[in-house]
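Novice: For reference, the structure I am asking about is given below.
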Amino acid sequence: MQGLDERTRELIQRRVLKRVKDIPSLPQFVVDTLKKLDDPKSSASDVADRLSKDEGLVIRILRLANSAYYGLPRRIVSVTEAIALLGFKTVKSIVLAASVYKFMDSSFSGYALDRGLLWKHSLSVAFAAKHIARKCKVEEEEAYVAGMLHDLGKIVLNDFVRFGYGIIVRLVEEEQVPFMDAERQVLGFDHALVGGLILEQWNLPESYMAAARYHHEPEAYEEQQGVIRSIVDVIHVANVLCLMLGIGVGADGLQYYLSENALERLGISDVEGLMSEIVDLISQVDEEFQVGE
Amino acid sequence: MAQTIHVGMADLVAVKHPSVLVTLGLGSCIGLVIFDPKNKVAGMAHIMLPDSRESKSVPKPGKFADTAVPKLLQELLSLGALPTNLQAKIAGGAQMFSVPGKESGLLAVGARNIEATKKWLEQHRIPLIAEDTGGNKGRSIEFAVPQWTLTVKVLGTGTKEI
Ligand SMILES: [Fe+2]
Ligand SMILES: [Fe+2]
């Protein structure tokens, strides 16, 4: 295979790391809000006050909360109402999801993802993960957020994938290696690794990092048991099923492995039945996929 | 002017006027078009899964191959198509990579979708005249009425007409 020379690869790796460093952290008021939402002593208005700093964020939060998925009896117009009806835990994951929206709100041409498609894919994986988590008795909200964040590395790696695209594609086609392995071989990084680095920098819980890092290769995660193991498996399966359903599928297509061990660990035997449920669920949240206002 | 109509997941649309029927994002799913060029009637279904397993009520018949084919046929006939004129084209049915040495039956949804769609077309005696199926890549498709060309965009690769 005609690859990049050593010097170019080193240069790329340095640039990737620099780009990761340059990703802004989550705004302090968001971090504070997330802490408040963890604290049973906080009040709903307290939380709402903090968020009112960013009107765009509040609009995004309300759109997500009003999604048919949550089945609220009426359209809500304030964060206080959202907390009253959905509870702190659910609102916390919605706040996090809404906060990463702006990072995904563009096109990522290296992956042939038009504007809005990475958001659509991430949100779909989040809902699918939540659904699978509920069935498999795994923490739902954690699965939702991990799903939202799993492909975050694509926002950084996109430009580099575009640059090395010809070589990556040839490697995938000629040697039948998964797209992510080709990224790693050509660029020294893959989007899962980079996603893990961003989340580490954001100081988010380990389960989100692990889910991003191992979403295409759950067997590489060492622990055989525990909460994080389950979250990794749930995100892996949710992502594969969304790709099979063509939701936010890009240039990397379906060129990844599916771990049957992950299915087994979660006790999933009826894959088609599960896909069918996910189709219905995603159709419910379709209107959230519209980008912009 | 040809009108662009998006056919979403599990949807099914039939038309009798100049149109471009579009499905964005096919993974293992199948984009099926059936058309009667003489009477200028055409339809598209975005099939997700091979088999409804006789579940009593299928609110979206486009979702399964066994319900999509008869339903699309019925809609085309009601728009004036003649059964003997009908032709079909399909695209999609991609698969995940299979782990070397491990043929996965569970995940062959793409292959099962292709097989089921063909089987139901045959049952209704609708000839399949073109297909772009299989592989590991995502696709988007556009069907031009009344040119009857199916443009298949293989994501990250290029475009072909079938
Ligand atoms: Fe990924
Ligand atoms: Fe993904």
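Residues in the structure tokens are numbered from 1 in each chain, the chains being A, B, ... in the order shown, and ligands are numbered from 1 in the order shown.
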Using DSSP on the backbone coordinates, identify all residues within stretch 10-259 of chain A classified as alpha helix (DSSP H); present the result as a VMD selection string.
Specialist: chain A and resid 10 to 22 28 to 38 44 to 51 55 to 65 79 to 104 117 to 135 140 to 149 154 to 163 165 to 175 179 to 187 191 to 201 206 to 214 227 to 244
Novice: Which protein, DNA or RNA residues have an atom within 9 Å of ligand 1, counting only C-alpha atoms and all ligand atoms, as a PyMOL selection string?
Specialist: chain A and resi 150-154+180+191-192+212+215-216+236+239-240+252+256
Novice: May I ask you to extract the residues of chain B within 7 Å of chain A, using only C-alpha atoms, and to give them as a PyMOL selection string?
Specialist: chain B and resi 25-29+48+95-99+106+136-138+155-156
Novice: Mind dumping the selected residues with C-alpha atoms as a tab-separated table (two decimals), in the first residue's frame?
Specialist:
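Here's the written file again.tsv:
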```tsv
chain	number	residue	atom	x	y	z
B	25	GLY	CA	-29.42	7.03	3.72
B	26	LEU	CA	-29.82	3.37	2.87
B	27	GLY	CA	-27.72	1.00	4.96
B	28	SER	CA	-28.99	-2.55	5.03
B	29	CYS	CA	-32.34	-1.19	3.88
B	48	MET	CA	-36.11	-1.58	6.50
B	95	GLN	CA	-23.78	-5.27	5.34
B	96	MET	CA	-21.46	-4.66	8.23
B	97	PHE	CA	-18.00	-6.18	7.86
B	98	SER	CA	-18.02	-9.72	9.08
B	99	VAL	CA	-15.34	-10.70	11.54
B	106	LEU	CA	-27.72	-12.66	12.85
B	136	ASN	CA	-20.52	-2.37	2.81
B	137	LYS	CA	-21.37	1.17	1.81
B	138	GLY	CA	-24.25	3.51	2.41
B	155	LEU	CA	-21.60	7.47	-0.23
B	156	GLY	CA	-17.95	8.46	-0.35
```
Novice: Could you give me the residues within stretch 83-128 of chain B that DSSP places in strand (DSSP E), as a PyMOL selection string?
Specialist: chain B and resi 87-92+128
Novice: For ligand 2, which of A:Arg170, A:Lys120, A:Arg229, A:Lys92 is the closest residue, counting only C-alpha atoms and all ligand atoms?
Specialist: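 Between A:Arg170, A:Lys120, A:Arg229, A:Lys92, the residue approaching ligand 2 most closely is A:Lys120.
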Novice: Any idea what the distance is between atom CA of B:His46 and atom CA of B:Asp11?
Specialist: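 Pair atom CA of B:His46 / atom CA of B:Asp11 returns 5.6 Å.
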Novice: Just to confirm, what's the straight-line distance from atom CA of B:Leu77 to atom CA of B:Gly8 in Å (one decimal)?
Specialist: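 Separation of atom CA of B:Leu77 and atom CA of B:Gly8: 22.1 Å.
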Novice: Quick one, how far is atom CA of B:Ala10 from atom CA of B:Ile47?
Specialist: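 Computed distance, atom CA of B:Ala10 to atom CA of B:Ile47, equals 5.6 Å.
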Novice: Could you name the residues that touch stretch 8-12 of chain A at 8 Å or less, counting only C-alpha atoms, but leaving out those on the same chain fewer than 3 positions away, as a compact mmCIF listing (two decimals) with C-alpha atoms, in the first residue's frame?
Specialist:
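result28.txt, written as the output of this step:
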```txt
# COMPACT_ATOMS: atom_id res chain seq x y z
CA LEU A 4 2.06 8.57 3.83
CA ASP A 5 5.72 8.87 4.75
CA ARG A 15 -1.76 18.63 14.29
CA VAL A 16 -4.54 16.33 15.45
CA PHE A 160 -7.43 14.84 8.14
CA VAL A 186 -2.91 6.24 7.70
CA LEU A 187 -3.28 9.11 10.17
CA GLY A 188 -1.99 7.61 13.40
```
Novice: Using only C-alpha atoms, which protein or nucleic acid residues come within 8 Å of B:Glu131? Drop anything in the same chain fewer than 4 positions from it, and give the result as a list in words.
Specialist: Lys89, Ile90, Ala91 and Ile162 of chain B
Novice: Keeping only C-alpha atoms, write the selected residues to a file as a PDB file, in the first residue's frame.
Specialist:
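What landed in again.pdb:
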```pdb
ATOM      1  CA  LYS B  89     -35.353  -1.597  -9.677  1.00  0.00           C
ATOM      2  CA  ILE B  90     -33.720  -1.889  -6.284  1.00  0.00           C
ATOM      3  CA  ALA B  91     -30.694  -0.516  -4.431  1.00  0.00           C
ATOM      4  CA  ILE B 162     -29.172   2.037 -13.269  1.00  0.00           C
TER       5      ILE B 162
END
```
Novice: Find the residues around B:Lys38 up to 12 Å (only C-alpha atoms counted), leave out those fewer than 6 positions away in its own chain, and share them as a VMD selection string.
Specialist: chain B and resid 16 80 to 87 145 to 148
